[in-house]
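For reference, the structure is listed below as structure tokens.
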Amino acid sequence: MKVISTAANISQAFKNAGRVREILGVLGKHGFADLLHRMRLTRFLPQKYSNSPGYQQLPVPVRLRLSFEELGPTFVKLGQLLATRPDLIPEEFTEEFERLQDNVAGVPFAEVRSVIESETKSTLEHIFSDFEQTPLAAASIAQVHGGILKTGERVAIKIQRPGIEKIITNDISILRGLAILMEKYLPETQVLNPSGLVEEFFQTILFELDFRVEANNIRRIRKNLAPLPKISVPQVFTQFSTNRVLVLERFDGVRFSDREGIQAQGIDPSEIVRLGTDAFFHMVMVDGLFHGDLHGGNLFVLRDGRIGMVDFGIVGRLSRRVQDSIIIMFTAIIDEDFETLAAEYVNLCQVTGPSDFSLLQKDLMDSISPYIGMALGEVNIGKVLLRSTSIAARHHLKVPRELMLLFRAILTIEALGKRLDPSFDLLPVGINLARQTLATRYSKERVMHDLIVVGRDLQSLLETTPRLLKRSLHKWAQNGFAVETKSKDVEALARSVGQSNYVRLLQVFSLGWFALGITFIVKDLGPEVAGMPVGAIVSIAIALGPLVNGLWRLRKLIK
């Protein structure tokens, strides 16, 4: 089946022979003909590119970046994704891919009009009282125009480029085929998992192509940041937005990276840095939903001193467990607790091969400790974190994409902050907010929530235990209540079985009292002490005694 699937993928990839020849021609022109020869693709390579010395003097990362730019939107986006994966590719490649730009011409106004009217099922004049025909910005997937709604609101209209979805879909099918050939003929690339990378890219770009996903991200982040009045997220005009058109509140201001422009408005750049950093860590540590592409073009300083965020096509989502681990990682770095840092990597990452925990801890210490305590401006914590992911990858730990996205965002935020305020140091700010957030993790509400979750699990356990016990007894009865043993020391075995049964009895007794305590909390029964029902305190206290005793006996039994 695998052979059939592989053949089908390659067949699909090479249906568009013209695009395949174009891709191979660009790669050959930039000096990768030898790799194409090893992949058995020379017959598809235009002859004039089979030996092209023109780019050979340039470093390989530069040649690959130039190839991606020439090949267009899909490859530019792929390079931008690779720029966030220093755990997979060398640093010189990620740094070069960071320079990838969407250098594209704007779509003619007639095509823009056609997309809007076909998507909204209405005329442009019926929706807008004014529409700027010259785009404010043009990128590989979409371009943005300014306008005014009939109701008077100034808006920014994001329109997907006609035919871009088909272009990207065709290119990805070709990339899938190339990835299979790389894994087959270039064994040194297997560590990169080319097929896995292409699928990750496909899932990422799929969300970017559906503007309804971005609209939902905007609405959620706008709601989450409502407690921060100095942070503005645009309103979505849902009635005019579709999967290919997005109509948003328009922000007019100075780019976040323009220090002189900010000062010209009488605004303190250091205050802007503080506001932006607070907002970022609020998204990460409190909400678990953060803007994943916070470069200077997506942040504006408005005339009243607020910060406006735009372009939510790329966001990161963090579970509560990952949020807690990130906070622990920050404090571990500042405290030089590399054992804890290594432990969090092991907890968060998928283990793909043999890993030596002690060696991981040592490598993290050797890589990070030289930067601890350095003067402001001399160290970039984002780079330190990204370097640590490379170390984790060397120890066969697959770093989650969301963690890579977060560390890349930290790198960008830190660079922007230092541009506005040279004395800015992200790490103390992050540590302070991390510790504040960690304190809220153990609030009454959080503890009660966790107790309720544990209570539900215990209730389920208590409900299933009698059935399991009944089955076990039935099976035992069918066996004539006989216990077969092969132990050389029957007396020791009998004592061990007796202790095991006693431990189980203690645990059931303890679980029963614990479940009763949870009931007091959920139903809010009886008088309270320090906000906790007395019945719950007593029940949980009673439960702890047998539970600790049982665990102690179990520990002795294991020994």
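Going by the structure tokens order, chains are called A, B, ..., each with residues numbered from 1, while ligands are numbered from 1 in the order shown.
Every protein or nucleic acid residue with an atom no more than 10 Å from Arg65 in chain A, counting only C-alpha atoms and leaving out same-chain residues fewer than 3 positions away, appears here: His30, Val60, Pro61, Val62, Phe68, Glu69, Glu70, Leu71, Phe75, Val76, Gly79, Gln80, Phe93, Thr94, Glu96, Phe97, Glu98, Arg99, Leu100 and Gln101 of chain A.
Our summary of the geometry notes that CA of Leu228 in chain A is positioned 18.1 Å from CA of Ile413 in chain A.
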Residue neighbourhood Ser195 in chain A, 10 Å, only C-alpha atoms, exclusion window fewer than 6 positions, as a JSON list (two decimals) with N, CA, C and O atoms, in the first residue's frame:
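Output (selection-v8.json):
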```
[["chain", "number", "residue", "atom", "x", "y", "z"],
["A", 175, "LEU", "N", 5.68, 19.67, -4.41],
["A", 175, "LEU", "CA", 6.58, 19.58, -3.25],
["A", 175, "LEU", "C", 6.48, 18.22, -2.57],
["A", 175, "LEU", "O", 7.48, 17.68, -2.09],
["A", 176, "ARG", "N", 5.27, 17.66, -2.53],
["A", 176, "ARG", "CA", 5.12, 16.33, -1.95],
["A", 176, "ARG", "C", 5.94, 15.30, -2.73],
["A", 176, "ARG", "O", 6.61, 14.44, -2.14],
["A", 177, "GLY", "N", 5.86, 15.40, -4.05],
["A", 177, "GLY", "CA", 6.65, 14.49, -4.88],
["A", 177, "GLY", "C", 8.13, 14.67, -4.70],
["A", 177, "GLY", "O", 8.89, 13.70, -4.58],
["A", 178, "LEU", "N", 8.58, 15.93, -4.65],
["A", 178, "LEU", "CA", 10.01, 16.21, -4.45],
["A", 178, "LEU", "C", 10.48, 15.72, -3.08],
["A", 178, "LEU", "O", 11.60, 15.22, -2.94],
["A", 179, "ALA", "N", 9.62, 15.86, -2.06],
["A", 179, "ALA", "CA", 9.98, 15.41, -0.71],
["A", 179, "ALA", "C", 10.20, 13.91, -0.69],
["A", 179, "ALA", "O", 11.15, 13.40, -0.06],
["A", 180, "ILE", "N", 9.34, 13.17, -1.39],
["A", 180, "ILE", "CA", 9.49, 11.71, -1.45],
["A", 180, "ILE", "C", 10.81, 11.34, -2.12],
["A", 180, "ILE", "O", 11.54, 10.44, -1.66],
["A", 181, "LEU", "N", 11.14, 12.03, -3.20],
["A", 181, "LEU", "CA", 12.40, 11.75, -3.91],
["A", 181, "LEU", "C", 13.61, 12.14, -3.05],
["A", 181, "LEU", "O", 14.64, 11.46, -3.09],
["A", 182, "MET", "N", 13.52, 13.23, -2.30],
["A", 182, "MET", "CA", 14.61, 13.62, -1.40],
["A", 182, "MET", "C", 14.86, 12.53, -0.37],
["A", 182, "MET", "O", 16.02, 12.17, -0.10],
["A", 183, "GLU", "N", 13.81, 12.03, 0.22],
["A", 183, "GLU", "CA", 13.96, 10.99, 1.24],
["A", 183, "GLU", "C", 14.54, 9.70, 0.65],
["A", 183, "GLU", "O", 15.27, 8.97, 1.33],
["A", 201, "PHE", "N", 3.52, 22.47, 6.38],
["A", 201, "PHE", "CA", 3.35, 23.68, 5.58],
["A", 201, "PHE", "C", 1.95, 23.74, 4.98],
["A", 201, "PHE", "O", 1.29, 24.78, 4.96]]
```
(request) Can you work out which one of A:Lys362, A:Lys418, A:Arg40, A:Arg154 has the shortest atom-to-atom distance to Ser257 in chain A, counting only C-alpha atoms? (result) A:Lys418
(message) According to DSSP computed on the backbone, where in range 173-300 of chain A is there alpha helix (DSSP H)? Give the residues as a PyMOL selection string.
(response) chain A and resi 173-185+194-208+211-224+259-264+269-281
(request) From the DSSP assignment of the backbone, select every residue of range 127-372 of chain A that is strand (DSSP E or B), and format the answer as a VMD selection string. (result) chain A and resid 128 to 131 137 to 138 142 to 149 154 to 160 231 to 232 236 245 to 249 253 to 255 289 to 291 299 to 302 307 to 309 315 to 317 350 to 351
(request) One decimal, Å: what's the distance from CA of Leu136 in chain A over to CA of Ser67 in chain A, could you say? (result) 27.0 Å
(request) Compile the contact shell of Gly276 in chain A as a VMD selection string: residues with an atom at most 10 Å away, counting only C-alpha atoms, same-chain residues fewer than 5 positions apart removed. (result) chain A and resid 230 to 231 256 270 to 271 281 to 282 299 301 306 to 309 413 416 to 417
(request) Name all residues at most 10 Å from Gln350 in chain A (count only C-alpha atoms; drop same-chain ones fewer than 5 positions away) and give them as a PyMOL selection string. (result) chain A and resi 345+396-400
Save out the residues we just selected, N, CA, C and O atoms, as a PDB file, in the first residue's frame.
```
ATOM      1  N   TYR A 345      11.649  20.403  28.590  1.00  0.00           N
ATOM      2  CA  TYR A 345      11.770  20.013  27.184  1.00  0.00           C
ATOM      3  C   TYR A 345      11.323  18.566  26.988  1.00  0.00           C
ATOM      4  O   TYR A 345      10.605  18.240  26.033  1.00  0.00           O
ATOM      5  N   HIS A 396      17.075  14.171  19.941  1.00  0.00           N
ATOM      6  CA  HIS A 396      15.918  13.416  19.461  1.00  0.00           C
ATOM      7  C   HIS A 396      14.622  13.837  20.147  1.00  0.00           C
ATOM      8  O   HIS A 396      13.767  12.996  20.447  1.00  0.00           O
ATOM      9  N   LEU A 397      14.480  15.127  20.385  1.00  0.00           N
ATOM     10  CA  LEU A 397      13.238  15.675  20.919  1.00  0.00           C
ATOM     11  C   LEU A 397      12.602  16.552  19.842  1.00  0.00           C
ATOM     12  O   LEU A 397      13.211  17.521  19.394  1.00  0.00           O
ATOM     13  N   LYS A 398      11.401  16.211  19.411  1.00  0.00           N
ATOM     14  CA  LYS A 398      10.703  16.972  18.383  1.00  0.00           C
ATOM     15  C   LYS A 398       9.952  18.121  19.038  1.00  0.00           C
ATOM     16  O   LYS A 398       8.988  17.920  19.762  1.00  0.00           O
ATOM     17  N   VAL A 399      10.418  19.339  18.786  1.00  0.00           N
ATOM     18  CA  VAL A 399       9.859  20.530  19.435  1.00  0.00           C
ATOM     19  C   VAL A 399       8.525  20.885  18.768  1.00  0.00           C
ATOM     20  O   VAL A 399       8.447  20.978  17.546  1.00  0.00           O
ATOM     21  N   PRO A 400       7.454  21.095  19.540  1.00  0.00           N
ATOM     22  CA  PRO A 400       6.157  21.449  18.953  1.00  0.00           C
ATOM     23  C   PRO A 400       6.232  22.742  18.147  1.00  0.00           C
ATOM     24  O   PRO A 400       6.957  23.673  18.512  1.00  0.00           O
TER      25      PRO A 400
END
```
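Comparing A:Arg274, A:Met283, A:Asp366, A:Gly313 by their smallest distance to Phe338 in chain A, the closest is A:Asp366 (using only C-alpha atoms).
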(message) At a cut-off of 12 Å, using only C-alpha atoms, what residues contact Gln203 in chain A? Leave out same-chain residues fewer than 5 positions from it and give the result as a count of residues only.
(response) 13
